[in-house]
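K.L.:
Just so it is clear, I am handing over coords_18.pdb, which has PDB, C-alpha atoms, pLDDT in the B column.
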ATOM      1  CA  ASN A 490       2.182   9.328 -12.440  1.00 70.00           C
ATOM      2  CA  ALA A 491       4.645   6.834 -10.958  1.00 81.00           C
ATOM      3  CA  GLY A 492       4.995   8.923  -7.777  1.00 94.00           C
ATOM      4  CA  VAL A 493       8.298   8.433  -5.943  1.00 96.00           C
ATOM      5  CA  THR A 494      10.525   5.747  -7.443  1.00 96.00           C
ATOM      6  CA  GLN A 495      13.373   4.452  -5.314  1.00 96.00           C
ATOM      7  CA  THR A 496      16.042   1.946  -6.346  1.00 95.00           C
ATOM      8  CA  PRO A 497      17.404  -0.550  -5.482  1.00 96.00           C
ATOM      9  CA  LYS A 498      14.970  -2.362  -3.156  1.00 95.00           C
ATOM     10  CA  PHE A 499      17.668  -4.461  -1.519  1.00 96.00           C
ATOM     11  CA  ARG A 500      21.446  -4.226  -1.377  1.00 96.00           C
ATOM     12  CA  ILE A 501      24.257  -5.875   0.542  1.00 97.00           C
ATOM     13  CA  LEU A 502      27.526  -3.957   0.821  1.00 96.00           C
ATOM     14  CA  LYS A 503      30.889  -4.812   2.258  1.00 97.00           C
ATOM     15  CA  ILE A 504      32.485  -2.421   4.744  1.00 97.00           C
ATOM     16  CA  GLY A 505      34.210   0.399   2.860  1.00 96.00           C
ATOM     17  CA  GLN A 506      32.263   0.009  -0.376  1.00 97.00           C
ATOM     18  CA  SER A 507      30.339   2.901  -1.909  1.00 96.00           C
ATOM     19  CA  MET A 508      26.906   3.087  -3.457  1.00 96.00           C
ATOM     20  CA  THR A 509      24.210   5.493  -4.556  1.00 97.00           C
ATOM     21  CA  LEU A 510      20.532   5.124  -3.710  1.00 98.00           C
ATOM     22  CA  GLN A 511      18.430   6.606  -6.472  1.00 97.00           C
ATOM     23  CA  CYS A 512      15.222   8.587  -5.945  1.00 98.00           C
ATOM     24  CA  THR A 513      13.060  10.115  -8.656  1.00 97.00           C
ATOM     25  CA  GLN A 514       9.660  11.799  -8.449  1.00 97.00           C
ATOM     26  CA  ASP A 515       7.418  12.842 -11.327  1.00 96.00           C
ATOM     27  CA  MET A 516       5.033  15.095  -9.393  1.00 95.00           C
ATOM     28  CA  ASN A 517       7.085  18.286  -9.780  1.00 94.00           C
ATOM     29  CA  HIS A 518       7.559  18.427  -6.021  1.00 95.00           C
ATOM     30  CA  ASN A 519       9.919  21.042  -4.628  1.00 93.00           C
ATOM     31  CA  TYR A 520      10.752  19.259  -1.371  1.00 93.00           C
ATOM     32  CA  MET A 521      12.563  15.942  -1.239  1.00 95.00           C
ATOM     33  CA  TYR A 522      13.860  14.009   1.768  1.00 95.00           C
ATOM     34  CA  TRP A 523      15.952  11.012   2.709  1.00 97.00           C
ATOM     35  CA  TYR A 524      15.059   9.157   5.905  1.00 96.00           C
ATOM     36  CA  ARG A 525      16.455   6.045   7.548  1.00 97.00           C
ATOM     37  CA  GLN A 526      14.409   3.660   9.676  1.00 95.00           C
ATOM     38  CA  ASP A 527      16.121   1.499  12.268  1.00 94.00           C
ATOM     39  CA  PRO A 528      14.308  -1.316  14.116  1.00 87.00           C
ATOM     40  CA  GLY A 529      12.152   0.007  16.954  1.00 85.00           C
ATOM     41  CA  MET A 530      12.996   3.634  16.155  1.00 88.00           C
ATOM     42  CA  GLY A 531      11.193   6.446  14.416  1.00 88.00           C
ATOM     43  CA  LEU A 532      12.356   7.557  10.992  1.00 93.00           C
ATOM     44  CA  LYS A 533      15.327   9.928  11.119  1.00 94.00           C
ATOM     45  CA  LEU A 534      16.009  12.670   8.567  1.00 93.00           C
ATOM     46  CA  ILE A 535      19.355  12.331   6.777  1.00 96.00           C
ATOM     47  CA  TYR A 536      19.224  15.145   4.205  1.00 96.00           C
ATOM     48  CA  TYR A 537      16.569  17.229   2.560  1.00 94.00           C
ATOM     49  CA  SER A 538      16.206  19.602  -0.384  1.00 95.00           C
ATOM     50  CA  VAL A 539      13.762  22.454  -0.948  1.00 92.00           C
ATOM     51  CA  GLY A 540      14.516  22.763  -4.653  1.00 93.00           C
ATOM     52  CA  ALA A 541      17.049  22.073  -7.384  1.00 95.00           C
ATOM     53  CA  GLY A 542      20.535  23.128  -6.323  1.00 95.00           C
ATOM     54  CA  ILE A 543      19.606  23.412  -2.619  1.00 95.00           C
ATOM     55  CA  THR A 544      20.326  20.733  -0.033  1.00 96.00           C
ATOM     56  CA  ASP A 545      20.625  20.750   3.741  1.00 94.00           C
ATOM     57  CA  LYS A 546      21.581  18.375   6.529  1.00 94.00           C
ATOM     58  CA  GLY A 547      19.022  16.659   8.672  1.00 91.00           C
ATOM     59  CA  GLU A 548      19.412  14.943  12.019  1.00 90.00           C
ATOM     60  CA  VAL A 549      21.813  12.132  10.971  1.00 94.00           C
ATOM     61  CA  PRO A 550      23.873  13.279   7.926  1.00 96.00           C
ATOM     62  CA  ASN A 551      27.276  11.787   8.808  1.00 96.00           C
ATOM     63  CA  GLY A 552      28.514   9.266   6.250  1.00 96.00           C
ATOM     64  CA  TYR A 553      26.127  10.430   3.516  1.00 97.00           C
ATOM     65  CA  ASN A 554      26.070  12.957   0.703  1.00 97.00           C
ATOM     66  CA  VAL A 555      23.322  14.198  -1.596  1.00 97.00           C
ATOM     67  CA  SER A 556      22.888  16.327  -4.682  1.00 96.00           C
ATOM     68  CA  ARG A 557      19.835  17.886  -6.357  1.00 97.00           C
ATOM     69  CA  SER A 558      20.757  18.858  -9.890  1.00 96.00           C
ATOM     70  CA  THR A 559      17.167  18.541 -11.159  1.00 96.00           C
ATOM     71  CA  THR A 560      13.704  18.864  -9.594  1.00 96.00           C
ATOM     72  CA  GLU A 561      13.047  15.166 -10.224  1.00 97.00           C
ATOM     73  CA  ASP A 562      16.158  13.460  -8.835  1.00 98.00           C
ATOM     74  CA  PHE A 563      17.620  13.335  -5.330  1.00 98.00           C
ATOM     75  CA  PRO A 564      20.299  10.610  -5.054  1.00 98.00           C
ATOM     76  CA  LEU A 565      21.838   9.612  -1.727  1.00 98.00           C
ATOM     77  CA  ARG A 566      25.507   8.628  -1.749  1.00 97.00           C
ATOM     78  CA  LEU A 567      27.275   6.398   0.800  1.00 95.00           C
ATOM     79  CA  GLU A 568      31.021   6.813   0.339  1.00 89.00           C
ATOM     80  CA  LEU A 569      32.554   4.364   2.825  1.00 94.00           C
ATOM     81  CA  ALA A 570      29.879   1.991   4.025  1.00 95.00           C
ATOM     82  CA  ALA A 571      29.911   1.079   7.722  1.00 96.00           C
ATOM     83  CA  PRO A 572      27.831  -1.491   9.656  1.00 96.00           C
ATOM     84  CA  SER A 573      26.065   1.417  11.421  1.00 96.00           C
ATOM     85  CA  GLN A 574      24.515   2.308   8.058  1.00 97.00           C
ATOM     86  CA  THR A 575      22.577  -0.964   7.934  1.00 97.00           C
ATOM     87  CA  SER A 576      19.020   0.301   7.820  1.00 96.00           C
ATOM     88  CA  VAL A 577      15.945   0.783   5.669  1.00 96.00           C
ATOM     89  CA  TYR A 578      16.112   3.996   3.652  1.00 97.00           C
ATOM     90  CA  PHE A 579      13.091   5.941   2.438  1.00 97.00           C
ATOM     91  CA  CYS A 580      12.957   8.776  -0.017  1.00 97.00           C
ATOM     92  CA  ALA A 581       9.954  11.109   0.233  1.00 95.00           C
ATOM     93  CA  SER A 582       8.677  14.260  -1.420  1.00 95.00           C
ATOM     94  CA  ASN A 583       6.007  16.928  -1.162  1.00 91.00           C
ATOM     95  CA  LEU A 584       5.096  20.091  -3.001  1.00 89.00           C
ATOM     96  CA  GLN A 585       5.792  22.327  -0.004  1.00 81.00           C
ATOM     97  CA  GLY A 586       6.912  21.517   3.533  1.00 72.00           C
ATOM     98  CA  ASP A 587       3.397  21.461   5.002  1.00 71.00           C
ATOM     99  CA  GLU A 588       1.832  19.329   2.309  1.00 80.00           C
ATOM    100  CA  LYS A 589       0.998  15.622   2.126  1.00 87.00           C
ATOM    101  CA  LEU A 590       4.090  13.420   1.914  1.00 92.00           C
ATOM    102  CA  PHE A 591       4.680  10.771  -0.731  1.00 95.00           C
ATOM    103  CA  PHE A 592       7.123   7.956   0.009  1.00 96.00           C
ATOM    104  CA  GLY A 593       9.205   5.646  -2.117  1.00 96.00           C
ATOM    105  CA  SER A 594       9.002   1.901  -1.457  1.00 94.00           C
ATOM    106  CA  GLY A 595      12.216   1.801   0.567  1.00 95.00           C
ATOM    107  CA  THR A 596      15.705   0.315   0.239  1.00 96.00           C
ATOM    108  CA  GLN A 597      16.831  -2.366   2.655  1.00 95.00           C
ATOM    109  CA  LEU A 598      20.608  -1.982   3.002  1.00 96.00           C
ATOM    110  CA  SER A 599      22.914  -4.326   4.881  1.00 96.00           C
ATOM    111  CA  VAL A 600      26.579  -3.528   5.430  1.00 96.00           C
ATOM    112  CA  LEU A 601      28.619  -6.576   6.399  1.00 94.00           C
TER     113      LEU A 601
ATOM    114  CA  LYS B1078      14.340  18.921  21.749  1.00 67.00           C
ATOM    115  CA  ASN B1079      11.105  17.888  20.087  1.00 67.00           C
ATOM    116  CA  GLU B1080       9.779  14.547  21.244  1.00 87.00           C
ATOM    117  CA  VAL B1081       6.913  12.612  19.692  1.00 94.00           C
ATOM    118  CA  GLU B1082       5.391   9.913  21.864  1.00 96.00           C
ATOM    119  CA  GLN B1083       2.834   7.399  20.662  1.00 97.00           C
ATOM    120  CA  SER B1084       0.630   5.101  22.679  1.00 96.00           C
ATOM    121  CA  PRO B1085       0.084   2.269  22.791  1.00 97.00           C
ATOM    122  CA  GLN B1086       3.213   0.773  21.229  1.00 95.00           C
ATOM    123  CA  ASN B1087       1.338  -2.435  20.404  1.00 97.00           C
ATOM    124  CA  LEU B1088      -2.384  -3.076  20.112  1.00 98.00           C
ATOM    125  CA  THR B1089      -4.246  -6.282  19.319  1.00 98.00           C
ATOM    126  CA  ALA B1090      -8.006  -6.079  18.852  1.00 97.00           C
ATOM    127  CA  GLN B1091     -10.882  -8.050  17.429  1.00 98.00           C
ATOM    128  CA  GLU B1092     -12.476  -7.270  14.095  1.00 98.00           C
ATOM    129  CA  GLY B1093     -15.165  -4.628  14.457  1.00 97.00           C
ATOM    130  CA  GLU B1094     -13.672  -2.891  17.484  1.00 98.00           C
ATOM    131  CA  PHE B1095     -13.199   0.880  17.700  1.00 98.00           C
ATOM    132  CA  ILE B1096      -9.482   1.680  17.744  1.00 98.00           C
ATOM    133  CA  THR B1097      -7.745   4.752  19.175  1.00 98.00           C
ATOM    134  CA  ILE B1098      -4.063   5.557  18.772  1.00 98.00           C
ATOM    135  CA  ASN B1099      -2.613   8.575  20.567  1.00 98.00           C
ATOM    136  CA  CYS B1100       0.224  10.951  19.761  1.00 98.00           C
ATOM    137  CA  SER B1101       1.721  13.615  22.021  1.00 97.00           C
ATOM    138  CA  TYR B1102       4.440  16.077  21.096  1.00 96.00           C
ATOM    139  CA  SER B1103       6.458  18.629  23.013  1.00 92.00           C
ATOM    140  CA  VAL B1104       6.892  21.745  20.828  1.00 88.00           C
ATOM    141  CA  GLY B1105       4.750  24.043  18.706  1.00 89.00           C
ATOM    142  CA  ILE B1106       4.091  22.602  15.288  1.00 91.00           C
ATOM    143  CA  SER B1107       2.916  23.741  11.873  1.00 89.00           C
ATOM    144  CA  ALA B1108       1.542  20.337  10.835  1.00 90.00           C
ATOM    145  CA  LEU B1109       0.983  16.794  12.088  1.00 94.00           C
ATOM    146  CA  HIS B1110       0.962  13.739   9.840  1.00 95.00           C
ATOM    147  CA  TRP B1111      -0.518  10.296  10.352  1.00 97.00           C
ATOM    148  CA  LEU B1112       1.124   7.613   8.238  1.00 97.00           C
ATOM    149  CA  GLN B1113       0.455   3.925   7.698  1.00 97.00           C
ATOM    150  CA  GLN B1114       3.281   1.450   7.160  1.00 95.00           C
ATOM    151  CA  HIS B1115       2.150  -1.802   5.604  1.00 90.00           C
ATOM    152  CA  PRO B1116       3.578  -5.190   6.608  1.00 81.00           C
ATOM    153  CA  GLY B1117       5.572  -5.109   3.342  1.00 80.00           C
ATOM    154  CA  GLY B1118       7.248  -1.880   4.492  1.00 81.00           C
ATOM    155  CA  GLY B1119       5.649   0.727   2.238  1.00 90.00           C
ATOM    156  CA  ILE B1120       4.529   4.007   3.856  1.00 95.00           C
ATOM    157  CA  VAL B1121       1.444   5.968   2.842  1.00 95.00           C
ATOM    158  CA  SER B1122       0.132   9.256   4.157  1.00 94.00           C
ATOM    159  CA  LEU B1123      -3.286   9.043   5.803  1.00 96.00           C
ATOM    160  CA  PHE B1124      -3.825  12.586   7.075  1.00 94.00           C
ATOM    161  CA  MET B1125      -2.122  15.906   7.478  1.00 93.00           C
ATOM    162  CA  LEU B1126      -3.598  18.161  10.176  1.00 92.00           C
ATOM    163  CA  SER B1127      -2.931  21.614  11.500  1.00 91.00           C
ATOM    164  CA  SER B1128      -6.187  21.962  13.458  1.00 92.00           C
ATOM    165  CA  GLY B1129      -9.539  20.299  14.130  1.00 94.00           C
ATOM    166  CA  LYS B1130     -10.582  16.994  12.679  1.00 96.00           C
ATOM    167  CA  LYS B1131     -10.409  15.086   9.393  1.00 96.00           C
ATOM    168  CA  LYS B1132     -12.284  11.978   8.260  1.00 97.00           C
ATOM    169  CA  HIS B1133     -11.607   9.575   5.434  1.00 95.00           C
ATOM    170  CA  GLY B1134     -13.761   6.481   5.247  1.00 96.00           C
ATOM    171  CA  ARG B1135     -13.437   4.631   8.566  1.00 97.00           C
ATOM    172  CA  LEU B1136     -10.475   6.717   9.700  1.00 97.00           C
ATOM    173  CA  ILE B1137     -10.778   9.874  11.806  1.00 98.00           C
ATOM    174  CA  ALA B1138      -7.910  12.078  12.951  1.00 98.00           C
ATOM    175  CA  THR B1139      -8.192  14.831  15.532  1.00 98.00           C
ATOM    176  CA  ILE B1140      -5.720  17.327  16.921  1.00 97.00           C
ATOM    177  CA  ASN B1141      -5.741  19.568  19.992  1.00 96.00           C
ATOM    178  CA  ILE B1142      -3.086  22.216  19.427  1.00 93.00           C
ATOM    179  CA  GLN B1143      -3.294  23.633  22.981  1.00 94.00           C
ATOM    180  CA  GLU B1144      -2.766  20.204  24.549  1.00 95.00           C
ATOM    181  CA  LYS B1145      -0.191  19.130  21.924  1.00 96.00           C
ATOM    182  CA  HIS B1146      -2.087  15.904  21.307  1.00 97.00           C
ATOM    183  CA  SER B1147      -3.577  14.055  18.359  1.00 98.00           C
ATOM    184  CA  SER B1148      -5.603  10.870  18.040  1.00 98.00           C
ATOM    185  CA  LEU B1149      -6.220   8.497  15.165  1.00 98.00           C
ATOM    186  CA  HIS B1150      -9.456   6.507  15.343  1.00 98.00           C
ATOM    187  CA  ILE B1151     -10.482   3.506  13.269  1.00 98.00           C
ATOM    188  CA  THR B1152     -14.147   2.566  13.292  1.00 97.00           C
ATOM    189  CA  ALA B1153     -15.381  -0.961  12.488  1.00 97.00           C
ATOM    190  CA  SER B1154     -11.800  -2.259  12.358  1.00 97.00           C
ATOM    191  CA  HIS B1155     -10.884  -4.958   9.846  1.00 97.00           C
ATOM    192  CA  PRO B1156      -7.899  -7.316   9.543  1.00 96.00           C
ATOM    193  CA  ARG B1157      -6.688  -5.283   6.549  1.00 95.00           C
ATOM    194  CA  ASP B1158      -6.175  -2.357   8.965  1.00 96.00           C
ATOM    195  CA  SER B1159      -3.306  -4.320  10.535  1.00 96.00           C
ATOM    196  CA  ALA B1160      -0.227  -2.139  10.075  1.00 96.00           C
ATOM    197  CA  VAL B1161       2.117   0.218  11.898  1.00 96.00           C
ATOM    198  CA  TYR B1162       0.620   3.688  12.365  1.00 98.00           C
ATOM    199  CA  ILE B1163       3.121   6.509  12.632  1.00 97.00           C
ATOM    200  CA  CYS B1164       2.659  10.045  13.910  1.00 97.00           C
ATOM    201  CA  ALA B1165       5.039  12.754  12.667  1.00 94.00           C
ATOM    202  CA  VAL B1166       5.182  16.494  13.339  1.00 93.00           C
ATOM    203  CA  ARG B1167       6.761  19.466  11.625  1.00 89.00           C
ATOM    204  CA  PRO B1168       8.053  21.883  14.293  1.00 86.00           C
ATOM    205  CA  ARG B1169       7.018  25.480  13.723  1.00 84.00           C
ATOM    206  CA  GLY B1170       9.943  27.585  12.520  1.00 75.00           C
ATOM    207  CA  GLY B1171      12.316  24.649  12.541  1.00 63.00           C
ATOM    208  CA  ALA B1172      14.082  22.656   9.857  1.00 60.00           C
ATOM    209  CA  ASP B1173      11.939  21.309   7.094  1.00 67.00           C
ATOM    210  CA  GLY B1174      12.035  17.653   8.030  1.00 78.00           C
ATOM    211  CA  LEU B1175       9.572  15.860  10.276  1.00 87.00           C
ATOM    212  CA  THR B1176      10.079  14.369  13.721  1.00 90.00           C
ATOM    213  CA  PHE B1177       8.602  10.890  13.876  1.00 93.00           C
ATOM    214  CA  GLY B1178       7.133   8.768  16.639  1.00 94.00           C
ATOM    215  CA  LYS B1179       8.202   5.138  16.888  1.00 94.00           C
ATOM    216  CA  GLY B1180       4.865   3.887  15.630  1.00 95.00           C
ATOM    217  CA  THR B1181       1.968   1.820  16.957  1.00 97.00           C
ATOM    218  CA  HIS B1182       1.843  -1.780  15.777  1.00 96.00           C
ATOM    219  CA  LEU B1183      -1.830  -2.679  15.284  1.00 97.00           C
ATOM    220  CA  ILE B1184      -3.111  -6.218  14.732  1.00 97.00           C
ATOM    221  CA  ILE B1185      -6.790  -6.808  14.032  1.00 97.00           C
ATOM    222  CA  GLN B1186      -7.809 -10.426  14.506  1.00 97.00           C
ATOM    223  CA  PRO B1187     -10.749 -11.918  12.572  1.00 95.00           C
TER     224      PRO B1187
END
Since I need it in another form, could you write the structure as structure tokens?

P.N.:
Amino acid sequence: NAGVTQTPKFRILKIGQSMTLQCTQDMNHNYMYWYRQDPGMGLKLIYYSVGAGITDKGEVPNGYNVSRSTTEDFPLRLELAAPSQTSVYFCASNLQGDEKLFFGSGTQLSVL
Amino acid sequence: KNEVEQSPQNLTAQEGEFITINCSYSVGISALHWLQQHPGGGIVSLFMLSSGKKKHGRLIATINIQEKHSSLHITASHPRDSAVYICAVRPRGGADGLTFGKGTHLIIQP
């Protein structure tokens, strides 16, 4: 099993550009999450999904969108990039909410 | 609002020392996670607890539900244990995401 695969690892965007961060897991996990990690802060939940076709907002959803058309994939979309979205993004998954979490390797995004 | 506080924020110790990292939280929870973030940035799950104590190799995690407190211990610490250790909790009956502490930056010197 590859686990949680997240791409790209690094990206630089200009203000106003759009991009999609990809996340795929091959463990047949129901729950998937997107977090952002800012320097000196704890990870913050952006969006999460409890199964295909179901998504919900987390603590910091503004400026982002997600979809969950399959169990495996949970892409995160930035429509109009802003400097405040400069961060490290992590995708994670688990079988159920109270199970061990598996993380992707992270995406370092800079918006200039 | 659920708060997760970790202490200390930074810890430097000598190889072989016994390490303790503490985590306190403010609301009832269904689970507590201890995570390790490597210097390269990757995050791995060390433990998930809902009660009692768990041990894996040189790592021990304990939780006291009544006191809303958990500790992570490292015995016979080694330079390869140098990392950021993160505590995260899942509030009982709340949304499905976790609330994270800011992490404890541990450096083990040879």

K.L.:
Sort by chain and increasing residue number a table of all residues of chain B within 10 Å of chain A, each with its closest pair of atoms and their distance in Å to one decimal, counting only C-alpha atoms, and write it as JSON lines.

P.N.:
{"residue": "B:Val1081", "atom": "CA", "partner": "A:Gly531", "partner_atom": "CA", "distance": 9.2}
{"residue": "B:Gln1086", "atom": "CA", "partner": "A:Gly529", "partner_atom": "CA", "distance": 9.9}
{"residue": "B:Ser1107", "atom": "CA", "partner": "A:Asp587", "partner_atom": "CA", "distance": 7.3}
{"residue": "B:Ala1108", "atom": "CA", "partner": "A:Asp587", "partner_atom": "CA", "distance": 6.2}
{"residue": "B:Leu1109", "atom": "CA", "partner": "A:Asp587", "partner_atom": "CA", "distance": 8.8}
{"residue": "B:His1110", "atom": "CA", "partner": "A:Lys589", "partner_atom": "CA", "distance": 7.9}
{"residue": "B:Trp1111", "atom": "CA", "partner": "A:Lys589", "partner_atom": "CA", "distance": 9.9}
{"residue": "B:Leu1112", "atom": "CA", "partner": "A:Leu590", "partner_atom": "CA", "distance": 9.1}
{"residue": "B:Gly1117", "atom": "CA", "partner": "A:Ser594", "partner_atom": "CA", "distance": 9.2}
{"residue": "B:Gly1118", "atom": "CA", "partner": "A:Ser594", "partner_atom": "CA", "distance": 7.3}
{"residue": "B:Gly1119", "atom": "CA", "partner": "A:Ser594", "partner_atom": "CA", "distance": 5.1}
{"residue": "B:Ile1120", "atom": "CA", "partner": "A:Phe592", "partner_atom": "CA", "distance": 6.1}
{"residue": "B:Val1121", "atom": "CA", "partner": "A:Phe592", "partner_atom": "CA", "distance": 6.7}
{"residue": "B:Ser1122", "atom": "CA", "partner": "A:Leu590", "partner_atom": "CA", "distance": 6.2}
{"residue": "B:Leu1123", "atom": "CA", "partner": "A:Lys589", "partner_atom": "CA", "distance": 8.7}
{"residue": "B:Phe1124", "atom": "CA", "partner": "A:Lys589", "partner_atom": "CA", "distance": 7.5}
{"residue": "B:Met1125", "atom": "CA", "partner": "A:Lys589", "partner_atom": "CA", "distance": 6.2}
{"residue": "B:Leu1126", "atom": "CA", "partner": "A:Asp587", "partner_atom": "CA", "distance": 9.3}
{"residue": "B:Ser1127", "atom": "CA", "partner": "A:Asp587", "partner_atom": "CA", "distance": 9.1}
{"residue": "B:Ile1163", "atom": "CA", "partner": "A:Gly531", "partner_atom": "CA", "distance": 8.3}
{"residue": "B:Cys1164", "atom": "CA", "partner": "A:Gly531", "partner_atom": "CA", "distance": 9.3}
{"residue": "B:Ala1165", "atom": "CA", "partner": "A:Gly531", "partner_atom": "CA", "distance": 9.0}
{"residue": "B:Val1166", "atom": "CA", "partner": "A:Asp587", "partner_atom": "CA", "distance": 9.9}
{"residue": "B:Arg1167", "atom": "CA", "partner": "A:Asp587", "partner_atom": "CA", "distance": 7.7}
{"residue": "B:Ala1172", "atom": "CA", "partner": "A:Gly547", "partner_atom": "CA", "distance": 7.9}
{"residue": "B:Asp1173", "atom": "CA", "partner": "A:Gly586", "partner_atom": "CA", "distance": 6.2}
{"residue": "B:Gly1174", "atom": "CA", "partner": "A:Leu534", "partner_atom": "CA", "distance": 6.4}
{"residue": "B:Leu1175", "atom": "CA", "partner": "A:Leu534", "partner_atom": "CA", "distance": 7.4}
{"residue": "B:Thr1176", "atom": "CA", "partner": "A:Lys533", "partner_atom": "CA", "distance": 7.4}
{"residue": "B:Phe1177", "atom": "CA", "partner": "A:Gly531", "partner_atom": "CA", "distance": 5.2}
{"residue": "B:Gly1178", "atom": "CA", "partner": "A:Gly531", "partner_atom": "CA", "distance": 5.2}
{"residue": "B:Lys1179", "atom": "CA", "partner": "A:Gly531", "partner_atom": "CA", "distance": 4.1}
{"residue": "B:Gly1180", "atom": "CA", "partner": "A:Gly531", "partner_atom": "CA", "distance": 6.9}

K.L.:
Between atom CA of B:Gln1186 and atom CA of B:Thr1152, what is the distance, to one decimal in Å?

P.N.:
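Atom CA of B:Gln1186 sits 14.5 Å away from atom CA of B:Thr1152.
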
K.L.:
Applied to this file, what does the PyMOL selection byres ((chain A and resi 599) around 6) return in terms of residues, put as a list in words?

P.N.:
Ile501, Thr575, Leu598 and Val600 of chain A

K.L.:
Give me the residues within 10 Å of B:Ala1090 as a ChimeraX atom specification, counting all atoms listed in the file and dropping any in the same chain fewer than 2 places off.

P.N.:
/B:1088,1092-1096,1154-1156,1159,1183-1187

K.L.:
To one decimal place, how far is atom CA of B:Tyr1162 from atom CA of B:Gln1114 in Å?

P.N.:
6.3 Å
